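A short worksheet on the structure shown next.
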Amino acid sequence: MSLRHLYNTWFIIAVLVAGCATPPVELADTTPTPTRPVSGATPAEPTRVDPEIRPAQATVDPTPPTPLPTAKPAYGASATLPIDLPTVFRLVNANSPAVGFARARVREAMARQDKAEVLWLPNLQTGAAYNRFDGQTQNQSGSVFGVSRSNLFGGGGTALAVDTAEAYYQPLVARQLTRAESFAAQGTTLTAQLDAALAYFDLLQAHALLAVNADTLARAEQMLKYAKNAQASQLSKTAGDVNRAQTEVYLRQQERLDLDGRAGAAAARLGRLLLLDPAVVLVPADPKVTALELIDPTKTLDDLVAISIANHPDLAANRALALAAWERVRKARNGMFLPKVALQEAVGSFGGGINADVSNFSARNALTVQLYWELENLGFGTAASLRAERAAYDQATYRVADAQARIAADVAEAARIAAAKAAGLDLARKAIGEAAELYRKLQESSFNMVGPKAQYDALEPLLAIQSLNQARTQYLTALIEYDKAQFRLFTALGHPAECTTR
């Protein structure tokens, strides 16, 4: 081995030894470990704070904050889908899981009713029976003897075991239960439509606020332009006019971004109710907001309550359940007087013989009919069943009374809220008129160079823009709340909300 090779070998060995001798660097775990008291141990004393030590007071740094990264998340971009209120109702009826579940319960109740209607009909049976007997047996005279025999029967027949009270009253009960489920499904549809309508109004409000924001932002940008021109001409009344105007523009731009997020959230909530693709962003097909007139304003509260009691499906469902409970009372009371019927008929071929011999087949017809009356537990069980059914009927009648009181209270509450929203709507409309007039007056004077020195003052235009924006926002909110109150009252009366679009 040459000296050069020997030198390279020792150099590699030295590097490896040095690397193995260097301890690995471990990163300190800075995550605070939560302390947990040991069972049975005395908790540690809390750390005492010197009362003379005061926490540092928060101060506001007048310097602008560090600019944030300009990268924006990409998960906000999605395809849009215009939608209106009639489409909302159609999608609710077609896609809502709650509505579909309620309709499935109606179909289940109808199937149970169909089964109750055919309790009088016997069952059809067919098959074969094999019997083998080996051992001692006894005849009618008492003699005991050994026997080994086999037999085989093949055929079919009818079997009927029916309680005539059950067969008579159960269809009556099933019909009322079907009616109850049908009315309950109508109530579920009403609720689903109302929820979707309110979610649609939230979406409509967000987009209407975006339109108000766009107009306000345009006015603020115009004010900023005037302020910059005045500053360039050294005609600003104060040195902070441009800053004041620029701040207003930034705030309105931030408001627009917040409203975009609000509109997206409202679209997601509405899409969930309609069972739509969450990647699709719903937008109102017509962003114009109008006042709905769903209830005759000449109707009194007593008139509205009477309408709700006559039409609300929840009350009708509870009434049907009460009628079903009453039919059960009649069955428990009259069932002891109605007989039970048992019928068994078997027609086929029978053959048999000694030991394992199965032969000598011939036709066979066996018919058994039984008619009897029954008192459960010497009549005490029957009396207890009657008391139980009467108690169940009393519960059903109390539920009817509770539903009627609840529906009447809902109508009264919705009517009073709707009346208050209607009155507030008029005031909000007047506020817009005053704010618009203020803006017009200031636009003719303060928006340009004013005063003896022909100076520009950005404060008054700013106040006018803010007042007009506030008035428009308040009016829009009052209008949306009024429409929501109209829908709540219309639904409380028992009318489907989709009728409003006809």
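We label chains A, B, ... in the order they appear in the structure tokens, count residues from 1 in each chain, and number ligands from 1 in the order shown.
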
**Request:** For range 486-497 of chain A, work out the shell of residues within 10 Å, counting only C-alpha atoms and skipping chain neighbours fewer than 4 positions away, then give it as a VMD selection string.
**Result:** chain A and resid 85 to 86 89 186 to 187 189 to 198 291 to 295 304 to 315 407 to 419 421 to 422 480 to 482 501

**Asked** Could you pull out the strand (DSSP E) residues of range 193-385 of chain A from DSSP and send them as a VMD selection string?
**Response** chain A and resid 281 to 284 340 to 354 362 to 372

**Item:** Residue nearest Glu345 in chain A among A:Gly433, A:Gln370, A:Arg330, A:Ser362 (counting only C-alpha atoms)
**Value:** A:Gln370

**Test item, helix (DSSP H, G or I) assignment across range 121-220 of chain A, answer as a PyMOL selection string** = chain A and resi 164-220

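For the choices A:Ala285, A:Leu210, A:Ile354, A:Val347, the atom-to-atom distance to Thr126 in chain A is smallest for A:Val347 when using only C-alpha atoms.
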
**Request:** Enter the distance from CA of Ala267 in chain A to CA of Leu282 in chain A, in Å, rounded to one decimal.
**Result:**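 Between CA of Ala267 in chain A and CA of Leu282 in chain A the gap works out to 5.1 Å.
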
**Message:** I'd like the contact shell of range 387-402 of chain A - 9 Å cut-off, only C-alpha atoms, skipping same-chain residues fewer than 4 positions apart - returned as a ChimeraX atom specification.
**Reply:** /A:315-319,321-326,328-330,332,382-383,406-407
